[in-house]
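Visitor: File final13.csv follows (CSV, C-alpha atoms and all ligand atoms):
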chain,number,residue,atom,x,y,z
B,167,MET,CA,91.7,82.5,124.3
B,168,THR,CA,95.1,82.6,122.7
B,169,GLN,CA,97.9,84.0,124.8
B,170,PRO,CA,99.4,87.4,123.7
B,171,SER,CA,102.1,86.8,121.0
B,172,THR,CA,105.7,87.0,122.1
B,173,ALA,CA,106.6,88.3,118.7
B,174,GLY,CA,105.9,91.8,119.8
B,175,ALA,CA,109.2,92.0,121.6
B,176,LEU,CA,111.0,90.8,118.4
B,177,TYR,CA,109.5,93.5,116.2
B,178,LEU,CA,108.7,96.4,118.6
B,179,SER,CA,111.7,97.4,120.7
B,180,ARG,CA,111.2,98.8,124.2
B,181,GLU,CA,112.8,102.0,123.0
B,182,ILE,CA,110.4,102.5,120.1
B,183,GLU,CA,107.5,101.4,122.2
B,184,SER,CA,108.1,104.1,124.8
B,185,ALA,CA,108.8,106.8,122.2
B,186,ILE,CA,105.5,106.0,120.4
B,187,ARG,CA,103.7,105.9,123.8
B,188,SER,CA,105.0,109.3,124.8
B,189,ALA,CA,104.3,110.9,121.4
B,190,ILE,CA,100.7,109.7,121.6
B,191,ASP,CA,100.3,110.7,125.3
B,192,GLN,CA,101.5,114.2,124.5
B,193,ALA,CA,99.2,114.7,121.6
B,194,GLN,CA,95.6,116.0,121.8
B,195,THR,CA,94.9,116.3,118.0
B,196,ILE,CA,96.2,113.5,115.8
B,197,LEU,CA,96.1,113.1,112.0
B,198,CYS,CA,96.5,109.5,110.7
B,199,VAL,CA,97.3,109.0,107.0
B,200,SER,CA,98.2,106.2,104.6
B,201,HIS,CA,99.2,106.0,101.0
B,202,ILE,CA,97.7,107.0,97.6
B,203,SER,CA,95.8,104.3,95.8
B,204,PRO,CA,95.1,102.7,99.2
B,205,ASP,CA,95.1,98.9,99.4
B,206,GLY,CA,93.8,96.7,102.2
B,207,ASP,CA,96.8,97.2,104.5
B,208,ALA,CA,96.6,101.0,104.0
B,209,ILE,CA,92.9,101.1,104.8
B,210,GLY,CA,93.1,98.4,107.6
B,211,SER,CA,96.0,100.0,109.3
B,212,LEU,CA,94.5,103.5,109.1
B,213,LEU,CA,91.2,102.3,110.6
B,214,GLY,CA,93.0,100.0,113.1
B,215,MET,CA,95.2,102.9,114.3
B,216,GLY,CA,92.0,104.9,114.7
B,217,TRP,CA,90.5,102.3,117.0
B,218,ILE,CA,93.7,102.0,119.0
B,219,LEU,CA,93.8,105.8,119.5
B,220,ARG,CA,90.1,105.9,120.4
B,221,HIS,CA,90.8,103.2,123.0
B,222,LEU,CA,93.3,105.8,124.5
B,223,ASP,CA,90.6,108.4,124.5
B,224,LYS,CA,92.0,110.3,121.5
B,225,HIS,CA,89.9,111.6,118.6
B,226,PRO,CA,92.0,111.1,115.5
B,227,THR,CA,91.3,112.4,112.0
B,228,LEU,CA,91.8,109.6,109.5
B,229,ALA,CA,92.7,110.8,105.9
B,230,LEU,CA,93.5,109.3,102.5
B,231,ALA,CA,94.3,111.4,99.4
B,232,ASP,CA,92.5,108.9,97.1
B,233,LYS,CA,89.0,107.7,97.8
B,234,PRO,CA,89.2,104.1,99.2
B,235,ALA,CA,87.3,101.4,97.3
B,236,ALA,CA,83.8,100.8,98.7
B,237,ASP,CA,84.8,97.0,98.9
B,238,PHE,CA,86.3,97.9,102.3
B,239,ASP,CA,83.2,99.5,103.7
B,240,TYR,CA,82.6,96.5,106.0
B,241,ILE,CA,85.5,97.7,108.2
B,242,PRO,CA,83.9,99.7,111.1
B,243,GLY,CA,84.8,103.4,110.9
B,244,PHE,CA,85.2,103.4,107.1
B,245,GLY,CA,82.7,106.2,106.6
B,246,ALA,CA,84.7,108.6,108.8
B,247,ILE,CA,87.8,108.6,106.5
B,248,VAL,CA,88.2,112.1,105.0
B,249,GLY,CA,90.0,113.3,101.8
B,250,ALA,CA,92.5,116.1,101.5
B,251,SER,CA,89.8,118.8,101.9
B,252,GLY,CA,89.0,117.4,105.4
B,253,VAL,CA,92.6,117.9,106.6
B,254,GLY,CA,93.5,121.1,108.6
B,255,ASP,CA,96.9,122.7,109.2
B,256,ASP,CA,97.2,122.2,113.0
B,257,TYR,CA,97.8,118.9,114.6
B,258,ASP,CA,100.0,117.8,117.6
B,259,LEU,CA,101.1,114.6,115.8
B,260,ILE,CA,100.8,113.0,112.4
B,261,ILE,CA,101.0,109.2,112.1
B,262,CYS,CA,101.8,107.8,108.6
B,263,LEU,CA,101.0,104.1,107.9
B,264,ASP,CA,102.2,101.7,105.2
B,265,ALA,CA,103.9,104.5,103.1
B,266,SER,CA,107.6,104.1,102.1
B,267,SER,CA,108.2,107.8,101.4
B,268,GLN,CA,106.6,111.2,102.1
B,269,ASP,CA,105.2,111.7,98.6
B,270,ARG,CA,103.2,108.5,99.0
B,271,MET,CA,100.8,110.4,101.3
B,272,GLY,CA,99.7,112.5,98.3
B,273,ALA,CA,97.7,115.7,98.8
B,274,VAL,CA,96.7,115.0,102.5
B,275,TYR,CA,100.2,115.9,103.6
B,276,ARG,CA,101.2,119.5,102.9
B,277,PRO,CA,104.8,120.1,103.7
B,278,ALA,CA,104.4,123.9,104.1
B,279,ALA,CA,101.6,123.4,106.7
B,280,HIS,CA,102.7,120.1,108.3
B,281,GLY,CA,106.5,120.0,108.0
B,282,GLN,CA,107.1,121.1,111.6
B,283,ILE,CA,104.6,118.7,113.2
B,284,PRO,CA,106.1,115.5,114.7
B,285,LEU,CA,105.7,112.7,112.2
B,286,LEU,CA,105.5,109.1,113.4
B,287,VAL,CA,106.1,106.6,110.5
B,288,ILE,CA,104.9,103.0,110.9
B,289,ASP,CA,105.8,100.9,107.9
B,290,HIS,CA,107.2,97.6,106.6
B,291,HIS,CA,108.7,98.4,103.2
B,292,VAL,CA,112.4,97.6,102.9
B,293,THR,CA,112.7,100.7,100.7
B,294,ASN,CA,111.3,103.1,103.4
B,295,THR,CA,113.3,106.4,103.4
B,296,ASN,CA,112.9,107.0,107.2
B,297,PHE,CA,111.2,110.3,106.5
B,298,GLY,CA,109.5,110.7,109.9
B,299,SER,CA,110.8,112.3,113.1
B,300,LEU,CA,110.2,108.9,114.6
B,301,ASN,CA,110.4,105.8,112.4
B,302,TRP,CA,109.3,102.3,113.2
B,303,VAL,CA,110.1,100.4,110.0
B,304,GLU,CA,109.9,96.6,110.2
B,305,PRO,CA,110.5,94.8,106.9
B,306,GLY,CA,110.3,91.5,108.7
B,307,CYS,CA,106.5,92.0,109.2
B,308,ALA,CA,104.2,91.0,106.4
B,309,ALA,CA,101.8,94.0,106.9
B,310,VAL,CA,101.6,97.2,108.9
B,311,CYS,CA,98.5,95.6,110.3
B,312,GLN,CA,100.8,92.9,111.9
B,313,MET,CA,102.9,95.7,113.5
B,314,LEU,CA,99.7,97.2,114.9
B,315,VAL,CA,98.9,93.9,116.6
B,316,TYR,CA,102.1,94.3,118.6
B,317,LEU,CA,101.4,98.1,119.2
B,318,ALA,CA,97.8,97.3,120.4
B,319,ASP,CA,99.3,94.8,122.8
B,320,ALA,CA,101.8,97.3,124.1
B,321,LEU,CA,99.2,100.1,124.5
B,322,GLY,CA,96.6,97.8,126.1
B,323,ALA,CA,94.0,97.9,123.3
B,324,PRO,CA,92.1,94.6,123.1
B,325,LEU,CA,92.4,92.8,119.8
B,326,THR,CA,88.6,92.3,119.4
B,327,GLY,CA,85.7,93.6,117.4
B,328,ASP,CA,86.3,96.6,115.2
B,329,LEU,CA,90.0,96.6,115.7
B,330,ALA,CA,90.3,92.9,114.9
B,331,VAL,CA,88.4,93.3,111.6
B,332,ALA,CA,90.5,96.2,110.5
B,333,LEU,CA,93.8,94.5,111.3
B,334,LEU,CA,92.9,91.1,109.8
B,335,THR,CA,92.0,92.9,106.6
B,336,GLY,CA,95.6,94.1,106.0
B,337,LEU,CA,97.1,90.8,107.0
B,338,ILE,CA,95.0,89.0,104.6
B,339,THR,CA,95.3,91.3,101.6
B,340,ASP,CA,99.1,91.9,101.9
B,341,THR,CA,99.8,88.1,102.2
B,342,LEU,CA,97.2,87.1,99.6
B,343,CYS,CA,95.6,85.1,102.4
B,344,PHE,CA,98.8,83.7,103.9
B,345,ARG,CA,100.3,82.6,100.6
B,346,THR,CA,103.3,85.0,100.3
B,347,SER,CA,106.7,83.6,101.3
B,348,ASN,CA,106.9,86.0,104.2
B,349,THR,CA,104.0,84.3,105.9
B,350,ASN,CA,105.7,82.8,108.9
B,351,ALA,CA,104.6,81.5,112.3
B,352,HIS,CA,104.4,85.1,113.7
B,353,VAL,CA,102.0,86.2,110.9
B,354,LEU,CA,99.8,83.2,111.6
B,355,GLN,CA,99.9,83.8,115.3
B,356,ALA,CA,98.9,87.4,114.8
B,357,ALA,CA,96.0,86.3,112.6
B,358,MET,CA,94.9,83.7,115.1
B,359,ARG,CA,94.7,86.4,117.8
B,360,LEU,CA,92.5,88.5,115.5
B,361,THR,CA,90.2,85.5,114.6
B,362,ASP,CA,90.0,84.8,118.4
B,363,GLY,CA,88.9,88.4,118.7
B,364,GLY,CA,86.0,87.8,116.3
B,365,ALA,CA,87.3,88.7,112.9
B,366,GLN,CA,86.4,86.2,110.2
B,367,ILE,CA,88.9,85.2,107.5
B,368,GLN,CA,86.3,83.9,105.0
B,369,GLU,CA,84.2,87.1,105.2
B,370,ILE,CA,87.3,89.3,104.6
B,371,VAL,CA,88.5,87.1,101.7
B,372,ALA,CA,85.1,87.2,100.1
B,373,ARG,CA,85.0,91.0,100.2
B,374,THR,CA,88.6,91.5,99.0
B,375,LEU,CA,90.7,88.9,97.2
B,376,GLN,CA,87.7,86.9,95.9
B,377,SER,CA,85.9,89.9,94.5
B,378,ARG,CA,86.3,91.6,91.1
B,379,THR,CA,84.1,93.6,88.8
B,380,TYR,CA,82.9,92.4,85.4
B,381,ALA,CA,84.7,95.4,83.7
B,382,GLY,CA,87.9,94.2,85.5
B,383,LEU,CA,87.4,90.7,84.2
B,384,ARG,CA,86.9,91.9,80.6
B,385,LEU,CA,89.9,94.1,80.9
B,386,TRP,CA,92.1,91.1,81.8
B,387,GLY,CA,90.5,89.3,78.9
B,388,SER,CA,91.5,92.0,76.4
B,389,ILE,CA,95.0,92.4,77.9
B,390,LEU,CA,96.0,88.7,78.2
B,391,GLY,CA,96.1,88.2,74.5
B,392,HIS,CA,98.8,90.8,74.2
B,393,THR,CA,101.3,89.8,76.9
B,394,ALA,CA,105.0,89.4,76.1
B,395,LEU,CA,107.5,87.0,77.6
B,396,GLN,CA,111.3,87.5,77.1
B,397,GLU,CA,114.2,86.4,79.3
B,398,ARG,CA,111.8,85.1,82.0
B,399,VAL,CA,110.1,88.6,82.3
B,400,ILE,CA,106.4,88.7,81.4
B,401,TRP,CA,104.6,92.0,81.0
B,402,ALA,CA,101.6,93.7,79.6
B,403,THR,CA,100.7,97.3,78.9
B,404,ILE,CA,97.2,98.7,79.6
B,405,SER,CA,96.3,101.9,77.8
B,406,LEU,CA,93.6,104.4,78.7
B,407,ALA,CA,91.8,103.4,75.4
B,408,GLN,CA,91.8,99.7,76.4
B,409,ARG,CA,90.4,100.6,79.8
B,410,LYS,CA,87.7,102.8,78.2
B,411,GLN,CA,86.7,100.1,75.7
B,412,VAL,CA,85.5,97.8,78.6
B,413,CYS,CA,84.3,100.8,80.8
B,414,ALA,CA,87.0,100.0,83.4
B,415,ARG,CA,87.4,102.4,86.2
B,416,ASP,CA,90.3,102.9,88.6
B,417,GLY,CA,90.7,99.7,90.6
B,418,ASP,CA,89.1,97.5,88.0
B,419,GLY,CA,91.3,94.6,87.0
B,420,GLU,CA,93.9,95.1,89.7
B,421,GLY,CA,96.3,92.3,90.5
B,422,LEU,CA,97.2,91.4,87.0
B,423,ALA,CA,101.0,91.5,87.6
B,424,GLY,CA,100.5,88.9,90.4
B,425,PHE,CA,98.6,86.7,87.9
B,426,LEU,CA,101.3,87.1,85.2
B,427,VAL,CA,104.1,86.0,87.5
B,428,SER,CA,102.4,82.7,88.1
B,429,VAL,CA,103.4,81.7,84.6
B,430,LYS,CA,105.9,78.9,84.9
B,431,GLU,CA,108.2,80.3,82.2
B,432,ALA,CA,108.6,83.6,84.1
B,433,ASP,CA,110.3,84.8,87.3
B,434,ILE,CA,109.2,88.5,87.1
B,435,GLY,CA,105.8,89.9,86.0
B,436,ALA,CA,105.1,93.5,85.3
B,437,THR,CA,102.1,95.7,84.2
B,438,PHE,CA,102.2,99.2,82.9
B,439,THR,CA,98.9,101.1,83.3
B,440,GLU,CA,98.1,104.5,81.9
B,441,ARG,CA,96.2,106.5,84.3
B,442,VAL,CA,94.9,110.1,84.7
B,443,GLN,CA,96.0,111.5,88.1
B,444,ASN,CA,94.0,114.0,90.2
B,445,GLY,CA,94.8,117.2,88.3
B,446,GLY,CA,94.7,115.6,84.9
B,447,ARG,CA,98.4,114.5,84.5
B,448,VAL,CA,98.7,111.2,82.5
B,449,VAL,CA,101.2,108.8,84.2
B,450,VAL,CA,102.2,105.2,83.8
B,451,GLU,CA,101.8,103.1,86.9
B,452,CYS,CA,104.3,100.3,86.9
B,453,SER,CA,103.5,97.2,89.0
B,454,PHE,CA,106.1,94.5,89.5
B,455,ARG,CA,106.0,91.0,91.0
B,456,ALA,CA,108.8,88.4,91.4
B,457,LYS,CA,108.9,84.8,92.3
B,458,PRO,CA,110.4,83.9,95.7
B,459,GLY,CA,114.1,84.7,95.7
B,460,PHE,CA,114.0,87.4,93.0
B,461,ASP,CA,113.9,91.1,93.9
B,462,VAL,CA,112.1,93.8,92.0
B,463,SER,CA,112.2,96.4,94.8
B,464,GLN,CA,115.5,97.9,93.7
B,465,VAL,CA,114.4,98.5,90.1
B,466,ALA,CA,111.3,100.3,91.6
B,467,LEU,CA,113.5,102.3,93.8
B,468,VAL,CA,115.8,103.4,91.0
B,469,TYR,CA,112.7,104.8,89.2
B,470,GLY,CA,111.6,106.7,92.2
B,471,GLY,CA,109.2,104.1,93.6
B,472,GLY,CA,109.5,101.4,96.2
B,473,GLY,CA,108.1,98.2,97.7
B,474,HIS,CA,109.2,94.8,98.8
B,475,PRO,CA,111.6,92.3,97.1
B,476,PRO,CA,108.7,90.3,95.5
B,477,ALA,CA,106.2,93.2,95.0
B,478,ALA,CA,107.1,96.7,94.1
B,479,GLY,CA,106.1,99.6,91.8
B,480,CYS,CA,106.8,103.1,90.6
B,481,THR,CA,105.0,105.8,88.7
B,482,LEU,CA,106.6,107.3,85.6
B,483,THR,CA,105.6,109.8,82.9
B,484,GLY,CA,106.1,109.3,79.1
B,485,PRO,CA,104.5,107.4,76.3
B,486,LEU,CA,103.3,104.0,77.6
B,487,ASP,CA,105.3,101.9,75.1
B,488,ALA,CA,108.5,103.8,75.7
B,489,VAL,CA,108.2,103.5,79.5
B,490,ALA,CA,107.5,99.8,79.2
B,491,ALA,CA,110.4,99.1,76.9
B,492,GLN,CA,112.8,101.0,79.2
B,493,VAL,CA,111.6,99.4,82.5
B,494,VAL,CA,111.4,95.9,81.0
B,495,ALA,CA,115.0,96.2,80.0
B,496,ALA,CA,115.9,97.2,83.5
B,497,LEU,CA,114.0,94.2,84.9
B,498,GLN,CA,115.7,91.8,82.5
B,499,GLU,CA,119.1,93.2,83.5
B,500,ALA,CA,118.2,92.9,87.2
B,501,HIS,CA,117.1,89.3,86.5
B,502,ARG,CA,120.4,88.5,84.7
B,503,VAL,CA,122.4,89.9,87.6
B,504,GLN,CA,120.4,88.0,90.2
B,505,VAL,CA,120.8,84.7,88.3
B,506,SER,CA,124.5,85.2,87.9
B,507,ASP,CA,124.9,86.1,91.5
B,508,GLY,CA,123.0,82.9,92.3
B,509,LYS,CA,121.1,84.9,94.9
B,510,GLN,CA,117.7,83.5,94.1
B,511,ALA,CA,116.9,80.9,96.7
B,512,ALA,CA,114.0,78.5,96.7
B,513,PHE,CA,112.2,80.8,99.2
B,514,GLY,CA,112.8,84.5,99.6
B,515,ASN,CA,111.3,87.3,101.6
B,516,GLY,CA,107.9,87.4,100.1
B,517,ALA,CA,105.4,90.2,100.5
B,518,HIS,CA,102.6,91.8,98.6
B,519,GLY,CA,101.4,95.3,99.4
B,601,LIG,P1,101.2,97.4,93.6
B,601,LIG,O1,101.9,96.8,92.5
B,601,LIG,O2,100.5,98.7,93.3
B,601,LIG,O3,100.3,96.5,94.4
B,601,LIG,O4,102.3,97.8,94.7
B,601,LIG,C1,103.2,96.8,95.2
B,601,LIG,C2,104.1,97.4,96.2
B,601,LIG,O5,104.9,98.4,95.6
B,601,LIG,C3,103.4,98.0,97.4
B,601,LIG,O6,104.1,97.7,98.5
B,601,LIG,C4,103.5,99.5,97.1
B,601,LIG,O7,103.6,100.2,98.3
B,601,LIG,C5,104.7,99.6,96.3
B,601,LIG,N1,104.5,100.7,95.2
B,601,LIG,C6,103.8,100.6,94.2
B,601,LIG,N2,103.8,101.7,93.4
B,601,LIG,C7,104.7,102.6,94.1
B,601,LIG,C8,105.2,103.9,93.9
B,601,LIG,N3,104.8,104.6,92.8
B,601,LIG,N4,106.0,104.4,94.8
B,601,LIG,C9,106.4,103.7,95.8
B,601,LIG,N5,106.0,102.4,96.1
B,601,LIG,C10,105.2,101.9,95.2
B,602,MN,MN,99.9,99.2,100.9
B,603,MN,MN,101.6,96.9,103.5
Here is the file; what I need is its structure written in the form of structure tokens.
Guide:
Amino acid sequence: MTQPSTAGALYLSREIESAIRSAIDQAQTILCVSHISPDGDAIGSLLGMGWILRHLDKHPTLALADKPAADFDYIPGFGAIVGASGVGDDYDLIICLDASSQDRMGAVYRPAAHGQIPLLVIDHHVTNTNFGSLNWVEPGCAAVCQMLVYLADALGAPLTGDLAVALLTGLITDTLCFRTSNTNAHVLQAAMRLTDGGAQIQEIVARTLQSRTYAGLRLWGSILGHTALQERVIWATISLAQRKQVCARDGDGEGLAGFLVSVKEADIGATFTERVQNGGRVVVECSFRAKPGFDVSQVALVYGGGGHPPAAGCTLTGPLDAVAAQVVAALQEAHRVQVSDGKQAAFGNGAHG
């Protein structure tokens, strides 16, 4: 068996560790939540936190505002995740995972009911607003699931079985299977601990990164003919009508911005997707990706979103084309500034989700 990683001490200070331990010890009822439009790190860290808490004889409620994709139903405990209607008012502690700001929790967090409850934030976004009463934010980690490897070690939960599958899921999806530039020795060491514990890389990859719907494929096909490339920014707009034409549902065709940025002539890729939110409001979801050394997180932050230097996003209202024109101009300006500052190195701090 691999020895416990020494990276825990690097990323989880004694002070935070004991604050988290006492917050959990004092709590009987715990609500765990993650972000809207949940990705593999959101779902993996939510379910992983559930297994860590159960190891400590707690019975957490695990909640997501948006229904998680059935692709992730191989993670043990998936069926117990509840939506906003399954969330009550009274808890001793709320734990928020992989969300950079309070609004990212969506309808599962009701400030009027939950505002006075201690809120533990565990996140790795550089744009995190420290909105908890206790914040453990570690942008040096590639996924919240990596942070939970260190927390599990500190709290004595074995990195095996159900917990290992949950945590390896977030590590694999946020690093695009160890390909992002923030994949360092600590990430690989954490992944090795989880594979030693029985989680299988190839099974998780087959269920997540290597899996797409036919509608999603056809959507890419219809969009790719209409991409634009100017000033090393490549982008595409995806309207409700285009999605309807190929019968695409939410989640179909995800990951297009990451594909666009692989174009040699571009440093930044962006997609602008029209979507109907719960409640019927039409919004434009903006998704940005940057080559190593370029930073799209600050443009996302300016528009009320967030993320990591190479992968960020925001949600805006307004006509699709107008939003795209305005945001592309901001991305081109950020690109010009970053080139003239000469900041873009060969390898930057990469991250995905
Ligand atoms: P995506 O392009 O949706 O895969 O998101 C890439 C990164 O940007 C993730 O780390 C997200 O957490 C972050 N992100 C995307 N959309 C938003 C948003 N509306 N607000 C804050 N962060 C976002
Ligand atoms: Mn995420
Ligand atoms: Mn993440």
Visitor: Name the residues in contact with Met271 in chain B at a cut-off of 8 Å, using only C-alpha atoms, excluding same-chain residues fewer than 3 positions from it; report them as a ChimeraX atom specification.
Guide: /B:199-202,230-231,262,265,267-268,274-275
Visitor: Please report as JSON lines every residue of chain B lying within 8 Å of ligand LIG 601 (chain B), along with the nearest atom pair and their distance in Å (one decimal), using only C-alpha atoms and all ligand atoms.
Guide:
{"residue": "B:His201", "atom": "CA", "partner": "B:LIG601", "partner_atom": "O7", "distance": 7.8}
{"residue": "B:Ser203", "atom": "CA", "partner": "B:LIG601", "partner_atom": "O2", "distance": 7.7}
{"residue": "B:Asp205", "atom": "CA", "partner": "B:LIG601", "partner_atom": "O3", "distance": 7.6}
{"residue": "B:Asp264", "atom": "CA", "partner": "B:LIG601", "partner_atom": "O7", "distance": 7.2}
{"residue": "B:Ala265", "atom": "CA", "partner": "B:LIG601", "partner_atom": "O7", "distance": 6.5}
{"residue": "B:Ser266", "atom": "CA", "partner": "B:LIG601", "partner_atom": "C9", "distance": 6.4}
{"residue": "B:Ser267", "atom": "CA", "partner": "B:LIG601", "partner_atom": "C9", "distance": 7.2}
{"residue": "B:Arg270", "atom": "CA", "partner": "B:LIG601", "partner_atom": "N4", "distance": 6.5}
{"residue": "B:His291", "atom": "CA", "partner": "B:LIG601", "partner_atom": "O6", "distance": 6.6}
{"residue": "B:Gly421", "atom": "CA", "partner": "B:LIG601", "partner_atom": "O3", "distance": 7.0}
{"residue": "B:Ala423", "atom": "CA", "partner": "B:LIG601", "partner_atom": "O1", "distance": 7.3}
{"residue": "B:Glu451", "atom": "CA", "partner": "B:LIG601", "partner_atom": "N3", "distance": 6.8}
{"residue": "B:Cys452", "atom": "CA", "partner": "B:LIG601", "partner_atom": "N2", "distance": 6.7}
{"residue": "B:Ser453", "atom": "CA", "partner": "B:LIG601", "partner_atom": "O1", "distance": 3.9}
{"residue": "B:Phe454", "atom": "CA", "partner": "B:LIG601", "partner_atom": "O1", "distance": 5.7}
{"residue": "B:Arg455", "atom": "CA", "partner": "B:LIG601", "partner_atom": "O1", "distance": 7.3}
{"residue": "B:Ser463", "atom": "CA", "partner": "B:LIG601", "partner_atom": "O5", "distance": 7.6}
{"residue": "B:Ala466", "atom": "CA", "partner": "B:LIG601", "partner_atom": "C10", "distance": 7.3}
{"residue": "B:Leu467", "atom": "CA", "partner": "B:LIG601", "partner_atom": "C9", "distance": 7.5}
{"residue": "B:Gly470", "atom": "CA", "partner": "B:LIG601", "partner_atom": "N4", "distance": 6.6}
{"residue": "B:Gly471", "atom": "CA", "partner": "B:LIG601", "partner_atom": "N4", "distance": 3.4}
{"residue": "B:Gly472", "atom": "CA", "partner": "B:LIG601", "partner_atom": "N5", "distance": 3.6}
{"residue": "B:Gly473", "atom": "CA", "partner": "B:LIG601", "partner_atom": "O5", "distance": 3.8}
{"residue": "B:His474", "atom": "CA", "partner": "B:LIG601", "partner_atom": "O6", "distance": 5.9}
{"residue": "B:Ala477", "atom": "CA", "partner": "B:LIG601", "partner_atom": "C1", "distance": 4.7}
{"residue": "B:Ala478", "atom": "CA", "partner": "B:LIG601", "partner_atom": "O5", "distance": 3.2}
{"residue": "B:Gly479", "atom": "CA", "partner": "B:LIG601", "partner_atom": "C6", "distance": 3.5}
{"residue": "B:Cys480", "atom": "CA", "partner": "B:LIG601", "partner_atom": "N3", "distance": 3.3}
{"residue": "B:Thr481", "atom": "CA", "partner": "B:LIG601", "partner_atom": "N3", "distance": 4.3}
{"residue": "B:Leu482", "atom": "CA", "partner": "B:LIG601", "partner_atom": "N3", "distance": 7.9}
{"residue": "B:Ala517", "atom": "CA", "partner": "B:LIG601", "partner_atom": "O6", "distance": 7.9}
{"residue": "B:His518", "atom": "CA", "partner": "B:LIG601", "partner_atom": "C1", "distance": 6.1}
{"residue": "B:Gly519", "atom": "CA", "partner": "B:LIG601", "partner_atom": "O6", "distance": 3.7}
Visitor: Which one is closest to His221 in chain B: B:Ala414, B:Ala193, B:Val468, B:Leu321? Count all atoms listed in the file.
Guide: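 That would be B:Leu321, the residue with the smallest distance to His221 in chain B.
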Visitor: One decimal, in Å: what's the spacing between CA of Phe460 in chain B and CA of Met313 in chain B?
Guide: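 Atom-to-atom, CA of Phe460 in chain B and CA of Met313 in chain B are spaced 24.7 Å apart.
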Visitor: May I ask for the distance between CA of Arg409 in chain B and CA of Thr339 in chain B, given in Å to one decimal place?
Guide: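 One can read the CA of Arg409 in chain B to CA of Thr339 in chain B distance as 24.2 Å.
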Visitor: Choose the residue, out of B:Ala175, B:Leu342, B:Leu285, B:Ile241, that has the smallest atom-to-atom separation from ligand MN 603 (chain B); count all atoms listed in the file.
Guide: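 Of all the options, B:Leu342 lies closest to ligand MN 603 (chain B).
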Visitor: Neighbouring residues of Gln355 in chain B were defined as those with any atom within 12 Å, considering all atoms listed in the file; residues of the same chain fewer than 4 positions away were excluded. Please report them as JSON, numbers by chain.
Guide: {"B": [168, 169, 170, 171, 172, 173, 174, 312, 315, 316, 334, 337, 344, 349, 350, 351, 359, 360, 361, 362]}
Visitor: So, with only C-alpha atoms and all ligand atoms as the atoms that count, which of B:Ser211, B:Ser179, B:Thr326, B:Ser188 lies closest to ligand MN 603 (chain B)?
Guide: B:Ser211
Visitor: So which residues touch Leu213 in chain B within 9 Å, counting all atoms listed in the file, skipping near sequence neighbours fewer than 6 positions away, as a PyMOL selection string?
Guide: chain B and resi 198+228+241-244+247+328-329+332-333
Visitor: Mind checking which residues fall within 9 Å of Pro226 in chain B, counting all atoms listed in the file, ignoring those fewer than 6 positions away in the same chain, and posting them as a list of chain:residue names?
Guide: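 Neighbouring residues, sequence-local ones excluded: B:Gln194, B:Thr195, B:Ile196, B:Leu197, B:Cys198, B:Met215, B:Gly216, B:Leu219, B:Arg220.
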Visitor: Have a look at B:Lys224, B:Arg180, B:Asp319, B:Val462 and name the one nearest to Trp302 in chain B; count all atoms listed in the file.
Guide: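 The shortest atom-to-atom distance to Trp302 in chain B comes from B:Arg180.
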Visitor: Counting only C-alpha atoms and all ligand atoms, which protein, DNA or RNA residues come within 7 Å of ligand MN 603 (chain B), given as number ranges by chain?
Guide: B: 207-208, 264, 290, 309-310, 340, 519
Visitor: Select, from B:Pro324, B:Asp289, B:Ile218, B:Asp258, the residue with the minimum atom-to-atom distance to ligand MN 602 (chain B), counting all atoms listed in the file.
Guide: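 Closest to ligand MN 602 (chain B) of all the choices is B:Asp289.
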Visitor: Given the choices B:Leu286, B:Leu176, B:Ile338, B:Val248, which gets closest to ligand MN 602 (chain B) if the distance is worked out from all atoms listed in the file?
Guide: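 Among the listed residues, B:Ile338 lies closest to ligand MN 602 (chain B).
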Visitor: Quick one, how far is CA of Glu369 in chain B from CA of Leu212 in chain B?
Guide: 19.8 Å
Visitor: Tell me which protein, DNA and RNA residues are within 10 Å of Arg187 in chain B, counting all atoms listed in the file, leaving out same-chain ones fewer than 5 positions away, and put them as a ChimeraX atom specification.
Guide: /B:181-182,192,317,320-321
Visitor: Would you mind writing range 439-445 of chain B with N, CA and C atoms, as a tab-separated table (two decimals), in the frame of the given file?
Guide:
chain	number	residue	atom	x	y	z
B	439	THR	N	100.32	100.58	83.43
B	439	THR	CA	98.90	101.10	83.30
B	439	THR	C	98.91	102.57	83.14
B	440	GLU	N	98.32	103.02	82.04
B	440	GLU	CA	98.10	104.50	81.90
B	440	GLU	C	97.01	104.94	82.74
B	441	ARG	N	97.24	106.06	83.44
B	441	ARG	CA	96.20	106.50	84.30
B	441	ARG	C	96.21	108.06	84.37
B	442	VAL	N	95.02	108.65	84.54
B	442	VAL	CA	94.90	110.10	84.70
B	442	VAL	C	94.90	110.41	86.18
B	443	GLN	N	95.91	111.15	86.66
B	443	GLN	CA	96.00	111.50	88.10
B	443	GLN	C	95.01	112.62	88.41
B	444	ASN	N	94.74	112.82	89.72
B	444	ASN	CA	94.00	114.00	90.20
B	444	ASN	C	94.78	115.22	89.60
B	445	GLY	N	94.14	116.08	88.91
B	445	GLY	CA	94.80	117.20	88.30
B	445	GLY	C	95.05	117.04	86.83
